[in-house]
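Let me begin by presenting the structure, written as structure tokens, before commenting on it.
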Amino acid sequence: MTSRTERILIIDSDEHARSELARYLEARGFYVTGYPDLSSARALFQDNMPDIIFADMAPDAIGELASTLEDAETFTPIVACYSTEDAPEVVNALRAGAADIVLKPCAGDRGALDDVIGKLFDRVRVNRLNQLYRQELEEANRDLRDGIAELRADQRAGRKVQLRMLPDNDQLLSGLAIEHLIKPSLFLSGDFLDYFRISEDKVLVYIADVSGHGASSAFVTVLLKNLTNRLQRNLRRGSSDDILYPERFLERVNSELLDTGLGKHVTVFVGIISTTDRRLRYSVGGHFPMPILSIEGGTTGFLEGSGLPVGLFEAPEWEVYEVPLERSFHLILFSDGILEVIKAKSLDEKEKTLLELVSGGSHTIASLSDALSLDEITELPDDIAIVSVTDAVFSNDSPTSK
């Protein structure tokens with residue numbers, strides 16, 4: 001018969017019975033080793049652990065052997081070999097850890113012996129496969145835990161970078177009190193905002209929402225910050241005045257995004273407020289919802305305007321809108337995540353609720369956050385960004401001028 005790889009150990013003080021069983025198993029192709037007692041067989045457990053053990057030993061000794069195998073963390077079934085069918089001894093052997101019982105001479109009933117061997121080897125294969133799968137799963141889980149820990153560390157570092165890119169909160173720029181809030185749904189935010197003075201009487205403010213979530217979207221926010229920094233430097237050096245024009249600002253963002261090849265697009269609202277001319281000039285890059293403008297002693301409503309998202313088309317054009325600011329005002333910009341936390345069925349109802357909050361006096365970040373219970377929401381469905389711009393004379397607070 002073809003040789004097999006399975007190892008069988010026989011422990012029996014009866015040399016004749018041991019040899020007879022060994023000859024039969026060897027004829028079946030198994031690799032067989034025999035010992036007269038457990039103490040002489042122990043060395044085998046350290047070198048070549050058997051696959052099945054046939055043992056003519058008292059139940060106590062079988063229990064000791066079963067404990068040894070358990071300590072070795074291997075599934076090796078024990079077959080108790082007895083010359084008698086004494087019920088107590090059989091029961092005690094099974095309780096001690098024997099997987100099966102055969103009567104001596106073991107090779108006398110070869111059909112029954114083959115059935116026992118076949119059944120036990122099936123169990124051995126299943127248990128060892130399960131053990132292998134369990135080890136592989138544990139290794140995969142360890143790798144996954146390590147990967148998750150590394151990812152979280154990277155995300156925390158990325159979050160710190162994003163926070164550093166944001167403008168100082170509660171600024172007073174050219175007579176405008178400006179504050180902001182960003183609440184990411186994940187570690188990293190796909191929403192971004194910025195505001196800064198571009199001349200003595202002009203302040204640029206924008207809010208952007210990058211498509212998707214995660215690291216790739218967060219990368220685009222870094223690109224936006226770097227671009228605005230370059231455009232400001234270009235203006236100071238006199239090499240480019242693109243930043244003075246909302247539509248040209250969107251054109252530059254569009255060109256930068258297409259060059260990255262990330263397949264990301266951005267919705268943007270960018271506005272330039274002139275405190276001398278008392279006007280707001282702005283362009284819309286597919287941004288929604290539109291900002292809300294509240295005029296002192298006048299109306300409160302969403303700004304008008306539309307335009308293509310940024311980063312999708314090679315040569316889009318954006319329209320420039322203009323609104324007079326003859327009296328003191330509040331201008332509040334939102335990302336679309338704000339609509340996700342408003343409990344209303346339709347989009348029209350959500351916008352109406354948002355407009356009612358602002359009309360009712362929720363002009364500040366704190367009042368809006370309280371009205372919408374933003375601090376109580378532990379898991380946001382989407383990133384939320386808010387920018388509030390207020391005439392300083394229309395504000396109850398007086399932030400330090402930057």
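If you're wondering about the labels, chains in the structure tokens are A, B, ... by order shown, residues count from 1 in each chain, ligands from 1 in order shown.
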
Determine which residues of segment 58-281 of chain A DSSP labels as strand (DSSP E or B) from the backbone of this structure, then write them out as a count of residues only. 50

Contact residues around Glu179 of chain A with only C-alpha atoms at 10 Å, ignoring same-chain residues under 4 positions, as a PyMOL selection string: chain A and resi 167-172+195+332+364-366+386-390+399

For segment 318-372 of chain A against segment 291-299 of chain A, with a cut-off of 9 Å and counting only C-alpha atoms, what is the closest atom pair and its distance in Å to one decimal for every residue that makes the cut, ordered by chain and number, as JSON lines?
```
{"residue": "A:Leu325", "atom": "CA", "partner": "A:Ile295", "partner_atom": "CA", "distance": 7.8}
{"residue": "A:Glu326", "atom": "CA", "partner": "A:Ile295", "partner_atom": "CA", "distance": 8.7}
{"residue": "A:Arg327", "atom": "CA", "partner": "A:Glu296", "partner_atom": "CA", "distance": 6.2}
{"residue": "A:Ser328", "atom": "CA", "partner": "A:Glu296", "partner_atom": "CA", "distance": 5.4}
{"residue": "A:Phe329", "atom": "CA", "partner": "A:Ile295", "partner_atom": "CA", "distance": 4.5}
{"residue": "A:His330", "atom": "CA", "partner": "A:Ser294", "partner_atom": "CA", "distance": 5.0}
{"residue": "A:Leu331", "atom": "CA", "partner": "A:Leu293", "partner_atom": "CA", "distance": 4.6}
{"residue": "A:Ile332", "atom": "CA", "partner": "A:Ile292", "partner_atom": "CA", "distance": 5.3}
{"residue": "A:Leu333", "atom": "CA", "partner": "A:Pro291", "partner_atom": "CA", "distance": 4.5}
{"residue": "A:Phe334", "atom": "CA", "partner": "A:Pro291", "partner_atom": "CA", "distance": 6.4}
{"residue": "A:Leu355", "atom": "CA", "partner": "A:Ile292", "partner_atom": "CA", "distance": 7.3}
{"residue": "A:Val358", "atom": "CA", "partner": "A:Ile292", "partner_atom": "CA", "distance": 7.9}
{"residue": "A:Ser359", "atom": "CA", "partner": "A:Ser294", "partner_atom": "CA", "distance": 7.4}
{"residue": "A:His363", "atom": "CA", "partner": "A:Ser294", "partner_atom": "CA", "distance": 8.7}
```

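Compared by their closest atoms to Ala218 of chain A, and using only C-alpha atoms, the residues A:Lys352, A:Gly97, A:Asp383, A:Ala87 rank with A:Asp383 nearest.
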
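Picture a line from atom CA of Glu89 of chain A to atom CA of Leu38 of chain A; it runs 18.7 Å.
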
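Distances from A:Phe313, A:Phe121, A:Tyr206, A:Tyr24 to Met290 of chain A were compared using only C-alpha atoms, and the smallest one belongs to A:Tyr206.
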
Shell around Leu193 of chain A at 8 Å using only C-alpha atoms, local window under 4 positions removed, as a VMD selection string: chain A and resid 166 205 to 208 385 387

Same residues, C-alpha atoms, saved as a PDB file, in the first residue's frame:
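See part-v4.pdb below for the written result:
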```
ATOM      1  CA  LEU A 166      -8.308  76.976   9.454  1.00  0.00           C
ATOM      2  CA  VAL A 205     -14.705  84.512   2.500  1.00  0.00           C
ATOM      3  CA  TYR A 206     -15.409  81.109   1.035  1.00  0.00           C
ATOM      4  CA  ILE A 207     -16.855  77.761   2.028  1.00  0.00           C
ATOM      5  CA  ALA A 208     -16.176  74.515   0.158  1.00  0.00           C
ATOM      6  CA  ALA A 385     -19.261  73.833   8.208  1.00  0.00           C
ATOM      7  CA  VAL A 387     -19.228  80.750   8.654  1.00  0.00           C
TER       8      VAL A 387
END
```

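Of note, atom CA of Ala215 of chain A and atom CA of Val284 of chain A are spaced 25.2 Å apart.
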
Quick one: contact table of segment 106-179 of chain A to segment 219-234 of chain A, 9 Å max, nearest atom pair and distance in Å to one decimal per residue, counting only C-alpha atoms, chain and number order, as JSON lines?
```
{"residue": "A:Val161", "atom": "CA", "partner": "A:Val222", "partner_atom": "CA", "distance": 8.7}
{"residue": "A:Gln162", "atom": "CA", "partner": "A:Val222", "partner_atom": "CA", "distance": 7.5}
{"residue": "A:Met165", "atom": "CA", "partner": "A:Lys225", "partner_atom": "CA", "distance": 6.8}
{"residue": "A:Leu166", "atom": "CA", "partner": "A:Lys225", "partner_atom": "CA", "distance": 8.5}
```

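For the set A:Arg237, A:Lys202, A:Arg197, A:Lys183, the residue with the smallest atom-to-atom gap to Leu280 of chain A is A:Lys202, counting only C-alpha atoms.
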
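The space separating atom CA of Gly63 of chain A from atom CA of Thr5 of chain A comes to 26.9 Å.
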